[in-house]
>>> print(open('protein32.tsv').read())   # TSV, C-alpha atoms
chain	number	residue	atom	x	y	z
A	1	MET	CA	0.00	0.00	0.00
A	2	ILE	CA	1.37	3.39	-0.96
A	3	ARG	CA	0.40	6.48	0.96
A	4	GLY	CA	0.80	10.11	0.04
A	5	PRO	CA	0.28	13.50	1.63
A	6	SER	CA	-3.08	15.28	1.76
A	7	PRO	CA	-3.40	18.91	0.76
A	8	PRO	CA	-3.88	21.25	3.74
A	9	ARG	CA	-7.09	22.83	2.43
A	10	ALA	CA	-8.77	19.46	1.96
A	11	THR	CA	-7.66	18.36	5.44
A	12	ALA	CA	-9.14	21.56	6.85
A	13	ALA	CA	-12.40	20.85	5.07
A	14	LEU	CA	-12.51	17.35	6.57
A	15	LEU	CA	-11.84	18.67	10.07
A	16	LEU	CA	-14.56	21.26	9.61
A	17	LEU	CA	-16.95	18.57	8.42
A	18	LEU	CA	-16.22	16.19	11.28
A	19	GLY	CA	-15.93	18.91	13.89
A	20	ALA	CA	-19.37	20.28	13.17
A	21	GLY	CA	-21.03	17.00	14.10
A	22	PRO	CA	-20.94	17.08	17.89
A	23	TRP	CA	-22.58	20.50	17.98
A	24	LEU	CA	-25.73	19.29	16.34
A	25	HIS	CA	-28.55	16.99	17.26
A	26	ALA	CA	-28.42	14.10	14.85
A	27	ALA	CA	-31.00	11.98	13.13
A	28	ALA	CA	-30.35	9.99	10.02
A	29	SER	CA	-32.66	10.32	7.08
A	30	ALA	CA	-34.86	7.31	7.21
A	31	GLN	CA	-35.04	4.11	5.22
A	32	GLU	CA	-32.62	5.17	2.52
A	33	SER	CA	-30.95	2.52	0.47
A	34	THR	CA	-27.18	2.71	0.58
A	35	ASN	CA	-26.24	4.02	-2.86
A	36	VAL	CA	-29.33	5.67	-4.36
A	37	THR	CA	-29.99	9.32	-3.55
A	38	SER	CA	-33.30	9.51	-1.68
A	39	ALA	CA	-35.96	12.18	-1.28
A	40	THR	CA	-35.72	12.08	2.51
A	41	LEU	CA	-34.04	14.85	4.46
A	42	PRO	CA	-33.40	15.83	8.09
A	43	SER	CA	-35.82	18.22	9.78
A	44	PRO	CA	-34.76	21.79	10.68
A	45	GLY	CA	-31.95	21.96	13.22
A	46	VAL	CA	-31.29	18.24	12.91
A	47	ALA	CA	-28.23	16.66	11.33
A	48	ALA	CA	-27.79	13.30	9.67
A	49	VAL	CA	-24.26	11.90	9.81
A	50	ARG	CA	-23.37	8.98	7.61
A	51	VAL	CA	-20.05	7.20	7.14
A	52	LEU	CA	-19.61	4.59	4.41
A	53	TRP	CA	-16.57	2.42	3.76
A	54	ARG	CA	-16.35	1.48	0.10
A	55	THR	CA	-13.91	-1.00	-1.44
A	56	THR	CA	-13.73	-1.06	-5.22
A	57	VAL	CA	-11.96	-3.94	-6.94
A	58	PHE	CA	-10.37	-3.13	-10.28
A	59	ASP	CA	-9.21	-5.88	-12.60
A	60	ASP	CA	-8.94	-4.32	-16.03
A	61	PRO	CA	-6.89	-6.49	-18.39
A	62	ARG	CA	-6.68	-3.87	-21.14
A	63	ALA	CA	-3.47	-2.08	-22.08
A	64	ALA	CA	-2.38	1.30	-20.71
A	65	PRO	CA	-3.79	3.74	-19.81
A	66	PHE	CA	-6.57	1.49	-18.50
A	67	ALA	CA	-4.66	-1.38	-16.91
A	68	LEU	CA	-5.46	-1.39	-13.22
A	69	LYS	CA	-5.44	-4.33	-10.85
A	70	GLY	CA	-6.05	-3.96	-7.15
A	71	ARG	CA	-8.36	-2.31	-4.68
A	72	GLU	CA	-9.31	1.21	-3.79
A	73	HIS	CA	-10.61	1.86	-0.29
A	74	ALA	CA	-12.64	4.99	0.33
A	75	LEU	CA	-14.24	6.53	3.38
A	76	ASP	CA	-17.33	8.44	2.30
A	77	THR	CA	-18.44	10.90	5.01
A	78	ARG	CA	-21.64	12.88	4.70
A	79	LEU	CA	-23.20	15.50	6.93
A	80	ALA	CA	-26.71	16.69	6.09
A	81	ILE	CA	-28.34	19.52	8.03
A	82	GLY	CA	-32.00	20.45	7.93
A	83	LEU	CA	-32.38	24.17	7.24
A	84	LEU	CA	-36.13	24.49	6.66
A	85	PRO	CA	-38.96	21.94	6.82
A	86	GLU	CA	-38.49	21.26	3.10
A	87	LEU	CA	-34.80	22.18	2.64
A	88	SER	CA	-31.53	20.63	3.75
A	89	ALA	CA	-27.85	21.09	2.93
A	90	GLU	CA	-25.26	18.35	2.65
A	91	ALA	CA	-21.47	18.21	2.65
A	92	ARG	CA	-19.74	15.10	1.40
A	93	LEU	CA	-16.07	14.24	1.49
A	94	ILE	CA	-14.31	11.07	0.39
A	95	THR	CA	-10.95	9.94	1.72
A	96	SER	CA	-9.31	7.35	-0.53
A	97	VAL	CA	-6.43	4.91	-0.22
A	98	ASP	CA	-5.04	2.71	-3.00
A	99	ASP	CA	-3.96	-0.89	-2.54
A	100	LEU	CA	-2.83	-1.73	-6.06
A	101	ASP	CA	-1.18	-4.85	-7.39
A	102	ALA	CA	-0.40	-3.36	-10.78
A	103	SER	CA	-1.24	-0.13	-12.52
A	104	ALA	CA	-0.43	1.44	-15.81
A	105	ALA	CA	-3.25	3.87	-15.14
A	106	MET	CA	-1.27	5.86	-12.61
A	107	PRO	CA	1.32	8.41	-13.69
A	108	ALA	CA	4.62	8.52	-11.82
A	109	GLY	CA	4.43	10.55	-8.63
A	110	SER	CA	0.67	10.24	-8.29
A	111	ASP	CA	-1.03	10.38	-4.91
A	112	HIS	CA	-2.19	6.99	-3.70
A	113	ALA	CA	-4.01	8.40	-0.70
A	114	GLY	CA	-5.75	11.64	0.02
A	115	LEU	CA	-8.98	13.56	-0.13
A	116	ALA	CA	-11.32	13.83	-3.07
A	117	ASP	CA	-13.18	17.01	-3.96
A	118	LEU	CA	-15.56	18.36	-1.33
A	119	GLU	CA	-19.13	18.12	-2.56
A	120	LEU	CA	-21.78	20.58	-1.37
A	121	SER	CA	-25.45	20.24	-2.21
A	122	VAL	CA	-28.95	21.26	-1.21
A	123	LYS	CA	-32.08	19.14	-1.26
A	124	TRP	CA	-35.50	20.72	-1.67
A	125	ARG	CA	-38.52	18.55	-1.01
A	126	LEU	CA	-41.04	19.46	-3.69
A	127	TRP	CA	-43.86	17.22	-2.56
A	128	ARG	CA	-44.79	14.87	0.23
A	129	ARG	CA	-47.79	12.66	0.85
A	130	ASP	CA	-48.33	10.41	3.86
A	131	PRO	CA	-51.27	8.12	3.05
A	132	GLY	CA	-50.89	5.84	6.08
A	133	ALA	CA	-49.24	5.34	9.44
A	134	VAL	CA	-46.12	3.76	7.92
A	135	ASP	CA	-46.66	4.82	4.29
A	136	THR	CA	-45.11	7.83	2.62
A	137	GLN	CA	-44.20	9.25	-0.79
A	138	ARG	CA	-41.70	12.06	-1.31
A	139	LEU	CA	-40.17	13.93	-4.24
A	140	ALA	CA	-37.10	16.15	-3.97
A	141	LEU	CA	-34.80	18.24	-6.13
A	142	ILE	CA	-31.08	18.01	-5.48
A	143	ALA	CA	-28.51	20.53	-6.73
A	144	GLY	CA	-24.88	21.05	-5.85
A	145	THR	CA	-21.31	21.15	-6.99
A	146	ASP	CA	-17.92	19.56	-6.50
A	147	LEU	CA	-15.35	22.05	-5.23
A	148	PRO	CA	-11.72	21.87	-6.45
A	149	THR	CA	-10.34	20.92	-3.03
A	150	GLY	CA	-9.08	17.39	-3.65
A	151	SER	CA	-5.56	16.10	-4.07
A	152	ARG	CA	-4.06	15.74	-7.55
A	153	ARG	CA	-5.35	12.29	-8.54
A	154	LEU	CA	-8.47	12.35	-6.38
A	155	GLY	CA	-9.67	15.81	-7.31
A	156	GLY	CA	-10.97	17.14	-10.59
A	157	GLY	CA	-9.52	20.61	-10.06
A	158	SER	CA	-12.76	22.24	-11.12
A	159	PHE	CA	-16.29	23.11	-10.12
A	160	ASP	CA	-18.56	20.34	-11.38
A	161	PRO	CA	-22.20	21.29	-10.78
A	162	PHE	CA	-24.95	18.69	-10.72
A	163	ALA	CA	-28.73	18.57	-10.40
A	164	GLY	CA	-31.25	15.80	-10.11
A	165	ILE	CA	-34.62	14.64	-8.88
A	166	ALA	CA	-35.32	11.86	-6.38
A	167	PHE	CA	-38.45	9.95	-5.45
A	168	THR	CA	-38.90	7.80	-2.36
A	169	GLY	CA	-42.02	5.72	-1.72
A	170	ILE	CA	-42.74	3.38	1.19
A	171	ALA	CA	-45.86	1.23	1.47
A	172	GLY	CA	-45.95	-1.14	4.39
A	173	ARG	CA	-42.99	-3.48	4.14
A	174	PHE	CA	-42.00	-2.33	0.65
A	175	GLY	CA	-39.98	0.71	-0.35
A	176	ALA	CA	-38.84	2.03	-3.72
A	177	GLY	CA	-36.76	4.93	-4.91
A	178	PHE	CA	-35.60	6.56	-8.13
A	179	PHE	CA	-32.96	9.15	-8.86
A	180	ALA	CA	-32.19	10.88	-12.15
A	181	GLY	CA	-29.46	13.48	-12.34
A	182	TRP	CA	-27.01	15.29	-14.59
A	183	GLN	CA	-23.47	16.34	-13.75
A	184	PHE	CA	-21.71	19.01	-15.78
A	185	THR	CA	-18.03	18.11	-15.70
A	186	THR	CA	-15.86	21.15	-16.29
A	187	GLY	CA	-12.55	19.46	-15.47
A	188	GLY	CA	-11.11	15.98	-15.41
A	189	HIS	CA	-8.97	13.80	-13.21
A	190	ASP	CA	-5.42	12.81	-14.16
A	191	ARG	CA	-6.48	9.17	-14.32
A	192	PRO	CA	-10.28	8.82	-14.08
A	193	ARG	CA	-11.70	5.74	-12.36
A	194	ARG	CA	-15.38	6.54	-11.88
A	195	PRO	CA	-18.17	8.25	-13.81
A	196	GLY	CA	-17.78	12.00	-13.70
A	197	GLU	CA	-14.00	11.88	-13.48
A	198	THR	CA	-13.42	12.27	-17.21
A	199	THR	CA	-14.23	15.51	-19.00
A	200	ALA	CA	-17.58	14.11	-20.16
A	201	ASP	CA	-20.89	15.09	-18.57
A	202	VAL	CA	-22.74	12.30	-16.77
A	203	PHE	CA	-26.39	11.28	-16.71
A	204	ARG	CA	-27.23	9.11	-13.72
A	205	LEU	CA	-30.33	6.97	-13.44
A	206	ASP	CA	-30.61	4.92	-10.27
A	207	ALA	CA	-33.37	2.84	-8.71
A	208	ASN	CA	-33.79	0.79	-5.58
A	209	VAL	CA	-36.29	-1.42	-3.78
A	210	LEU	CA	-36.35	-2.34	-0.10
A	211	TYR	CA	-38.26	-5.04	1.72
A	212	ARG	CA	-38.68	-5.07	5.49
A	213	VAL	CA	-37.84	-8.60	6.60
A	214	TYR	CA	-38.33	-7.96	10.33
A	215	PRO	CA	-40.60	-7.02	11.99
A	216	GLN	CA	-43.62	-7.99	9.91
A	217	THR	CA	-45.61	-5.28	11.67
A	218	TYR	CA	-44.48	-2.57	14.02
A	219	THR	CA	-45.65	-2.50	17.62
A	220	SER	CA	-45.41	0.01	20.45
A	221	GLU	CA	-41.94	-1.34	21.26
A	222	ARG	CA	-38.96	0.72	20.09
A	223	ILE	CA	-37.29	-2.00	18.05
A	224	GLY	CA	-35.07	-1.93	15.01
A	225	ALA	CA	-35.99	-3.17	11.56
A	226	TRP	CA	-34.08	-5.34	9.08
A	227	TYR	CA	-34.38	-4.75	5.36
A	228	VAL	CA	-33.02	-6.41	2.26
A	229	THR	CA	-32.20	-4.02	-0.57
A	230	ALA	CA	-31.64	-4.17	-4.31
A	231	GLU	CA	-30.24	-1.29	-6.34
A	232	VAL	CA	-29.46	-0.50	-9.96
A	233	LEU	CA	-26.95	2.29	-10.60
A	234	SER	CA	-26.65	3.51	-14.19
A	235	THR	CA	-24.31	6.11	-15.64
A	236	PHE	CA	-24.27	7.34	-19.21
A	237	GLU	CA	-21.55	9.80	-20.19
A	238	THR	CA	-21.53	12.19	-23.12
A	239	SER	CA	-18.32	10.49	-24.26
A	240	GLY	CA	-20.38	7.38	-24.98
A	241	ASP	CA	-19.24	5.44	-21.92
A	242	ALA	CA	-21.96	3.56	-20.05
A	243	GLU	CA	-21.97	1.45	-16.91
A	244	VAL	CA	-24.80	-0.31	-15.10
A	245	MET	CA	-24.24	-1.95	-11.72
A	246	VAL	CA	-26.62	-4.17	-9.78
A	247	LEU	CA	-26.25	-4.24	-6.02
A	248	SER	CA	-27.88	-6.15	-3.21
A	249	GLY	CA	-27.54	-5.60	0.49
A	250	ILE	CA	-28.94	-5.50	3.96
A	251	LEU	CA	-29.90	-2.58	6.16
A	252	TYR	CA	-30.54	-2.52	9.89
A	253	GLU	CA	-32.23	0.55	11.23
A	254	GLY	CA	-32.88	1.25	14.89
A	255	PRO	CA	-34.20	4.41	16.51
A	256	LYS	CA	-30.69	5.62	17.35
A	257	TRP	CA	-28.40	4.09	14.75
A	258	ALA	CA	-28.29	2.13	11.53
A	259	MET	CA	-25.87	-0.06	9.64
A	260	GLU	CA	-25.82	-1.11	6.03
A	261	CYS	CA	-23.86	-3.27	3.63
A	262	THR	CA	-24.08	-3.82	-0.13
A	263	ILE	CA	-22.18	-5.67	-2.79
A	264	GLY	CA	-22.38	-4.60	-6.42
A	265	LEU	CA	-21.43	-6.16	-9.73
A	266	PRO	CA	-21.39	-4.52	-13.16
A	267	VAL	CA	-23.86	-5.87	-15.69
A	268	VAL	CA	-22.99	-3.37	-18.44
A	269	ARG	CA	-19.45	-2.04	-18.96
A	270	ASP	CA	-19.03	-0.02	-22.11
A	271	LEU	CA	-16.02	2.05	-21.07
A	272	SER	CA	-13.46	3.66	-23.31
A	273	ARG	CA	-11.93	6.28	-21.00
A	274	ARG	CA	-11.49	4.66	-17.58
A	275	PRO	CA	-10.71	1.26	-16.03
A	276	GLU	CA	-13.42	-1.31	-15.45
A	277	ARG	CA	-14.67	-1.96	-11.94
A	278	ASP	CA	-15.24	-5.61	-11.01
A	279	VAL	CA	-16.84	-5.44	-7.58
A	280	VAL	CA	-17.90	-2.63	-5.26
A	281	ILE	CA	-18.46	-3.47	-1.58
A	282	THR	CA	-19.94	-0.84	0.71
A	283	ALA	CA	-20.51	-0.93	4.45
A	284	GLY	CA	-21.55	1.91	6.65
A	285	VAL	CA	-23.09	3.23	9.81
A	286	ARG	CA	-25.36	6.10	10.73
A	287	VAL	CA	-25.04	6.97	14.38
A	288	LEU	CA	-27.37	9.23	16.32
A	289	PHE	CA	-25.79	11.24	19.11
B	1	MET	CA	-22.39	5.59	-28.57
B	2	PHE	CA	-25.42	3.88	-30.10
B	3	ARG	CA	-25.21	1.13	-27.50
B	4	SER	CA	-25.11	3.67	-24.66
B	5	ALA	CA	-28.08	5.53	-26.06
B	6	SER	CA	-30.02	2.29	-26.38
B	7	ILE	CA	-29.33	1.33	-22.79
B	8	ALA	CA	-30.33	4.82	-21.60
B	9	ALA	CA	-33.57	4.61	-23.56
B	10	VAL	CA	-34.49	1.24	-22.03
B	11	VAL	CA	-33.79	2.41	-18.48
B	12	LEU	CA	-35.68	5.68	-19.04
B	13	CYS	CA	-38.73	3.93	-20.48
B	14	THR	CA	-38.79	1.48	-17.56
B	15	ALA	CA	-38.66	4.32	-15.05
B	16	ALA	CA	-41.29	6.32	-16.92
B	17	SER	CA	-43.67	3.36	-16.93
B	18	LEU	CA	-43.44	3.17	-13.12
B	19	LEU	CA	-44.02	6.87	-12.43
B	20	PRO	CA	-47.75	7.27	-13.26
B	21	GLY	CA	-48.71	5.22	-10.22
B	22	CYS	CA	-46.86	7.71	-8.05
B	23	ALA	CA	-48.08	10.82	-9.86
B	24	SER	CA	-51.77	9.98	-9.40
B	25	THR	CA	-51.58	10.93	-5.72
B	26	VAL	CA	-49.93	14.33	-6.04
B	27	ALA	CA	-52.97	16.47	-5.19
B	28	ALA	CA	-53.93	14.69	-1.96
B	29	PRO	CA	-54.30	16.98	1.08
B	30	ARG	CA	-52.06	16.48	4.12
B	31	SER	CA	-54.67	17.06	6.81
B	32	ASP	CA	-58.21	18.40	6.59
B	33	ASP	CA	-59.12	18.50	10.29
B	34	PRO	CA	-59.75	22.19	11.23
B	35	ARG	CA	-59.29	21.38	14.93
B	36	LEU	CA	-55.58	20.90	14.26
B	37	ALA	CA	-55.31	24.61	13.44
B	38	SER	CA	-56.53	25.66	16.90
B	39	LEU	CA	-54.29	28.05	18.82
B	40	ASP	CA	-55.83	27.25	22.22
B	41	PRO	CA	-53.39	25.39	24.48
B	42	VAL	CA	-54.24	21.77	25.22
B	43	PRO	CA	-55.00	20.95	28.87
B	44	ALA	CA	-52.27	19.46	31.04
B	45	GLY	CA	-52.15	15.69	30.84
B	46	ASP	CA	-51.78	13.16	28.06
B	47	VAL	CA	-52.41	13.96	24.40
B	48	LEU	CA	-52.53	11.29	21.68
B	49	LEU	CA	-51.32	12.40	18.26
B	50	HIS	CA	-52.24	10.41	15.15
B	51	VAL	CA	-49.28	10.72	12.79
B	52	ARG	CA	-48.94	9.45	9.23
B	53	GLY	CA	-45.74	8.73	7.35
B	54	MET	CA	-43.55	7.34	10.14
B	55	SER	CA	-42.26	4.52	8.01
B	56	CYS	CA	-39.13	3.45	9.86
B	57	PRO	CA	-37.55	3.27	13.33
B	58	GLN	CA	-35.46	6.42	12.87
B	59	CYS	CA	-38.64	8.40	12.26
B	60	ILE	CA	-39.18	7.99	16.01
B	61	THR	CA	-36.10	10.08	16.71
B	62	ASN	CA	-37.14	12.80	14.26
B	63	VAL	CA	-40.59	13.08	15.87
B	64	ASP	CA	-39.18	12.93	19.41
B	65	LEU	CA	-36.71	15.75	18.75
B	66	GLN	CA	-39.33	18.10	17.30
B	67	LEU	CA	-42.05	17.38	19.90
B	68	LEU	CA	-39.71	17.61	22.89
B	69	ALA	CA	-38.61	21.02	21.62
B	70	LEU	CA	-42.13	22.34	22.31
B	71	ARG	CA	-42.59	24.17	25.60
B	72	GLY	CA	-44.66	22.14	28.04
B	73	VAL	CA	-43.98	18.76	26.47
B	74	GLN	CA	-42.49	16.44	29.10
B	75	ARG	CA	-42.41	13.12	27.25
B	76	ALA	CA	-43.24	11.64	23.87
B	77	HIS	CA	-43.69	7.95	23.13
B	78	VAL	CA	-44.12	6.77	19.55
B	79	ASP	CA	-46.20	3.68	18.78
B	80	MET	CA	-45.34	2.87	15.18
B	81	GLY	CA	-47.80	0.01	15.08
B	82	ALA	CA	-50.72	2.31	15.83
B	83	GLY	CA	-49.25	5.37	14.12
B	84	THR	CA	-49.62	7.42	17.30
B	85	VAL	CA	-47.49	9.48	19.64
B	86	LEU	CA	-48.48	9.73	23.30
B	87	VAL	CA	-47.37	13.14	24.58
B	88	ALA	CA	-47.32	14.21	28.23
B	89	VAL	CA	-48.01	17.93	28.62
B	90	ALA	CA	-47.53	19.93	31.82
B	91	GLY	CA	-46.98	23.46	33.08
B	92	SER	CA	-48.67	26.79	32.39
B	93	ASP	CA	-47.09	27.33	28.97
B	94	ARG	CA	-48.57	24.47	26.95
B	95	PRO	CA	-48.65	23.89	23.20
B	96	ALA	CA	-51.78	24.25	21.06
B	97	PRO	CA	-52.89	21.74	18.41
B	98	ALA	CA	-51.39	24.03	15.77
B	99	ASP	CA	-48.03	23.78	17.54
B	100	PHE	CA	-48.22	19.99	17.46
B	101	ALA	CA	-49.15	20.08	13.77
B	102	ARG	CA	-46.21	22.37	13.02
B	103	ALA	CA	-43.77	20.19	15.00
B	104	VAL	CA	-44.91	17.04	13.22
B	105	GLU	CA	-44.62	18.81	9.86
B	106	ARG	CA	-41.09	19.95	10.76
B	107	ALA	CA	-40.23	16.33	11.55
B	108	GLY	CA	-41.35	15.50	8.02
B	109	PHE	CA	-44.66	13.79	8.76
B	110	THR	CA	-48.39	14.53	8.81
B	111	LEU	CA	-50.54	15.09	11.88
B	112	ALA	CA	-53.88	13.47	11.07
B	113	GLY	CA	-55.63	13.80	14.43
B	114	LEU	CA	-55.29	14.79	18.07
B	115	GLU	CA	-57.06	13.39	21.14
B	116	VAL	CA	-56.92	14.84	24.64
B	117	LEU	CA	-57.01	11.79	26.89
B	118	PRO	CA	-59.06	11.87	30.11
>>> encode(input="protein32.tsv", output="structure tokens")
Amino acid sequence: MIRGPSPPRATAALLLLLGAGPWLHAAASAQESTNVTSATLPSPGVAAVRVLWRTTVFDDPRAAPFALKGREHALDTRLAIGLLPELSAEARLITSVDDLDASAAMPAGSDHAGLADLELSVKWRLWRRDPGAVDTQRLALIAGTDLPTGSRRLGGGSFDPFAGIAFTGIAGRFGAGFFAGWQFTTGGHDRPRRPGETTADVFRLDANVLYRVYPQTYTSERIGAWYVTAEVLSTFETSGDAEVMVLSGILYEGPKWAMECTIGLPVVRDLSRRPERDVVITAGVRVLF
Amino acid sequence: MFRSASIAAVVLCTAASLLPGCASTVAAPRSDDPRLASLDPVPAGDVLLHVRGMSCPQCITNVDLQLLALRGVQRAHVDMGAGTVLVAVAGSDRPAPADFARAVERAGFTLAGLEVLP
């Protein structure tokens, strides 16, 4: 494993992000699947803190500049704060470490560890309907931008604005969600690995379903719930690249904390400008304090 | 490029075919009970709130935080099975039904009814 220095401004942003947490009441946004942007948001004065560990396995047999074999580990930290009943703001920062077996996709002297670009966004709930005690439907607009705060390989060095719309619906034991969004990419990474890291714009279309395994019905007891989840993450870039991943996972959600885990495999990989991902494993917690 | 466009078209059409079921409910009202707009404080004692939309365990925390922020609210106990919140109210400065409705809305849910328990 090779480690490199982090830029001071990105480190300061991380400290600011993590340091803000203890000063806020926290409550995670509810019943979100792990990887699909939801239409749920924290209420005013409440914060939702979420930390996800994501391991991506690359095994691209193609010639340079794509050849990449090994793993990338990333810590994805998000802090969402409710500003108004229908409006929240979110900061997201990813810390990444490489554990590569072989790479022709990395230029000499590249960072193998560091911070990615800080992402800031707002979520505006356009519509909400609660037809039953445990049933709800929500629609939200999301808009934001990447800031050029990341290290050389991990940052794009530019402002990359994005906008999208999310729907979340829950009916009894079933839940479903959709997200469609567009990212305008004004810069590019030295060696792109994920959608949005080339100079092409990205259209994202994601969907998820959840099923509450336990309990069958809620009672007056304050107990947690177990869900199984399935997700489809699709990206279509203006360069012509396309990738569709299918993920399955589990989610435990209690009144005070939650944990989640997914594993994803690509079902469509039509990539001409970045290495292919083989497996993406994500595990995370949401802690209320 | 053609392959990417084809995939995008298939995914878009699938999503579009699922949306009408959701869109048919857009105009539904959140709560039509005029008593929930009352500004008269509730009497001291227990109040039972009927809340819709609490779909998961962490909703309990959202509701708790907003209700306990109201002056005069001593305790709040969510019963997800019944879709109710039992609230203990005390003191001279007590919330009105409109305050409960606003707090539940701020938590992201809908107050459908309110009962003052004997």
>>> closest_residue(input="protein32.tsv", among="A:Ser121, A:Thr168, A:Thr262, A:Thr282", to="Glu32 in chain A", atoms="all atoms listed in the file")
A:Thr168
>>> closest_residue(input="protein32.tsv", among="B:Asp40, B:Asp93, B:Asp33, B:Asp64", to="chain A", atoms="all atoms listed in the file")
B:Asp64
>>> closest_atom_pairs(input="protein32.tsv", of="range 35-103 of chain B", to="range 75-95 of chain A", cutoff="12 Å", atoms="all atoms listed in the file", output="tab-separated table")
residue	atom	partner	partner_atom	distance
B:Asn62	CA	A:Gly82	CA	11.2
B:Gln66	CA	A:Pro85	CA	11.2
B:Arg102	CA	A:Pro85	CA	9.5
B:Ala103	CA	A:Pro85	CA	9.6
>>> residues_near_point(input="protein32.tsv", point="(-52.4, 19.3, 19.1)", cutoff="7 Å", atoms="only C-alpha atoms", output="PyMOL selection string")
chain B and resi 36+42+96-101+114
>>> write_last_selection(input="protein32.tsv", atoms="C-alpha atoms", output="mmCIF file, in the frame of the given file")
data_model
loop_
_atom_site.group_PDB
_atom_site.id
_atom_site.type_symbol
_atom_site.label_atom_id
_atom_site.label_comp_id
_atom_site.auth_asym_id
_atom_site.auth_seq_id
_atom_site.Cartn_x
_atom_site.Cartn_y
_atom_site.Cartn_z
ATOM 1 C CA LEU B 36 -55.580 20.900 14.260
ATOM 2 C CA VAL B 42 -54.240 21.770 25.220
ATOM 3 C CA ALA B 96 -51.780 24.250 21.060
ATOM 4 C CA PRO B 97 -52.890 21.740 18.410
ATOM 5 C CA ALA B 98 -51.390 24.030 15.770
ATOM 6 C CA ASP B 99 -48.030 23.780 17.540
ATOM 7 C CA PHE B 100 -48.220 19.990 17.460
ATOM 8 C CA ALA B 101 -49.150 20.080 13.770
ATOM 9 C CA LEU B 114 -55.290 14.790 18.070
#
>>> atom_distance(input="protein32.tsv", atom1="CA of Ile250 in chain A", atom2="CA of Ile170 in chain A")
16.6 Å
>>> closest_residue(input="protein32.tsv", among="A:Val46, A:Leu68, A:Val134, A:Leu52", to="Asp79 in chain B", atoms="only C-alpha atoms")
A:Val134
>>> closest_residue(input="protein32.tsv", among="A:Thr229, A:Gln183, A:Thr149, A:Gln216", to="Ala163 in chain A", atoms="only C-alpha atoms")
A:Gln183
>>> atom_distance(input="protein32.tsv", atom1="CA of Arg191 in chain A", atom2="CA of His112 in chain A")
11.7 Å
>>> atom_distance(input="protein32.tsv", atom1="CA of Glu243 in chain A", atom2="CA of Val267 in chain A")
7.7 Å
>>> interface_residues(input="protein32.tsv", of="chain A", to="chain B", cutoff="8 Å", atoms="all atoms listed in the file", output="JSON, numbers by chain")
{"A": [27, 28, 29, 30, 31, 42, 43, 44, 84, 85, 127, 129, 130, 131, 132, 133, 134, 135, 136, 137, 170, 172, 178, 205, 217, 218, 219, 220, 221, 222, 223, 224, 225, 236, 239, 240, 241, 242, 253, 254, 255, 256, 257, 270]}
>>> closest_residue(input="protein32.tsv", among="B:Leu39, B:Val87, B:Leu48, B:Pro34", to="Leu117 in chain B", atoms="all atoms listed in the file")
B:Leu48
>>> decode(input="protein32.tsv", residues="range 48-84 of chain B", atoms="C-alpha atoms", output="PDB file, in the first residue's frame")
ATOM      1  CA  LEU B  48     -52.534  11.289  21.683  1.00  0.00           C
ATOM      2  CA  LEU B  49     -51.319  12.396  18.256  1.00  0.00           C
ATOM      3  CA  HIS B  50     -52.241  10.414  15.154  1.00  0.00           C
ATOM      4  CA  VAL B  51     -49.283  10.722  12.794  1.00  0.00           C
ATOM      5  CA  ARG B  52     -48.936   9.452   9.229  1.00  0.00           C
ATOM      6  CA  GLY B  53     -45.740   8.732   7.350  1.00  0.00           C
ATOM      7  CA  MET B  54     -43.547   7.338  10.142  1.00  0.00           C
ATOM      8  CA  SER B  55     -42.257   4.522   8.006  1.00  0.00           C
ATOM      9  CA  CYS B  56     -39.133   3.450   9.865  1.00  0.00           C
ATOM     10  CA  PRO B  57     -37.548   3.266  13.330  1.00  0.00           C
ATOM     11  CA  GLN B  58     -35.464   6.421  12.867  1.00  0.00           C
ATOM     12  CA  CYS B  59     -38.638   8.403  12.256  1.00  0.00           C
ATOM     13  CA  ILE B  60     -39.178   7.994  16.006  1.00  0.00           C
ATOM     14  CA  THR B  61     -36.100  10.083  16.710  1.00  0.00           C
ATOM     15  CA  ASN B  62     -37.142  12.804  14.261  1.00  0.00           C
ATOM     16  CA  VAL B  63     -40.586  13.084  15.872  1.00  0.00           C
ATOM     17  CA  ASP B  64     -39.182  12.933  19.406  1.00  0.00           C
ATOM     18  CA  LEU B  65     -36.714  15.755  18.746  1.00  0.00           C
ATOM     19  CA  GLN B  66     -39.333  18.102  17.304  1.00  0.00           C
ATOM     20  CA  LEU B  67     -42.052  17.383  19.903  1.00  0.00           C
ATOM     21  CA  LEU B  68     -39.710  17.613  22.888  1.00  0.00           C
ATOM     22  CA  ALA B  69     -38.605  21.023  21.617  1.00  0.00           C
ATOM     23  CA  LEU B  70     -42.128  22.338  22.310  1.00  0.00           C
ATOM     24  CA  ARG B  71     -42.588  24.165  25.603  1.00  0.00           C
ATOM     25  CA  GLY B  72     -44.663  22.137  28.044  1.00  0.00           C
ATOM     26  CA  VAL B  73     -43.978  18.761  26.466  1.00  0.00           C
ATOM     27  CA  GLN B  74     -42.488  16.440  29.096  1.00  0.00           C
ATOM     28  CA  ARG B  75     -42.407  13.115  27.254  1.00  0.00           C
ATOM     29  CA  ALA B  76     -43.239  11.641  23.873  1.00  0.00           C
ATOM     30  CA  HIS B  77     -43.694   7.946  23.127  1.00  0.00           C
ATOM     31  CA  VAL B  78     -44.115   6.774  19.554  1.00  0.00           C
ATOM     32  CA  ASP B  79     -46.204   3.684  18.778  1.00  0.00           C
ATOM     33  CA  MET B  80     -45.342   2.872  15.180  1.00  0.00           C
ATOM     34  CA  GLY B  81     -47.804   0.006  15.076  1.00  0.00           C
ATOM     35  CA  ALA B  82     -50.715   2.306  15.826  1.00  0.00           C
ATOM     36  CA  GLY B  83     -49.250   5.367  14.117  1.00  0.00           C
ATOM     37  CA  THR B  84     -49.625   7.416  17.295  1.00  0.00           C
TER      38      THR B  84
END
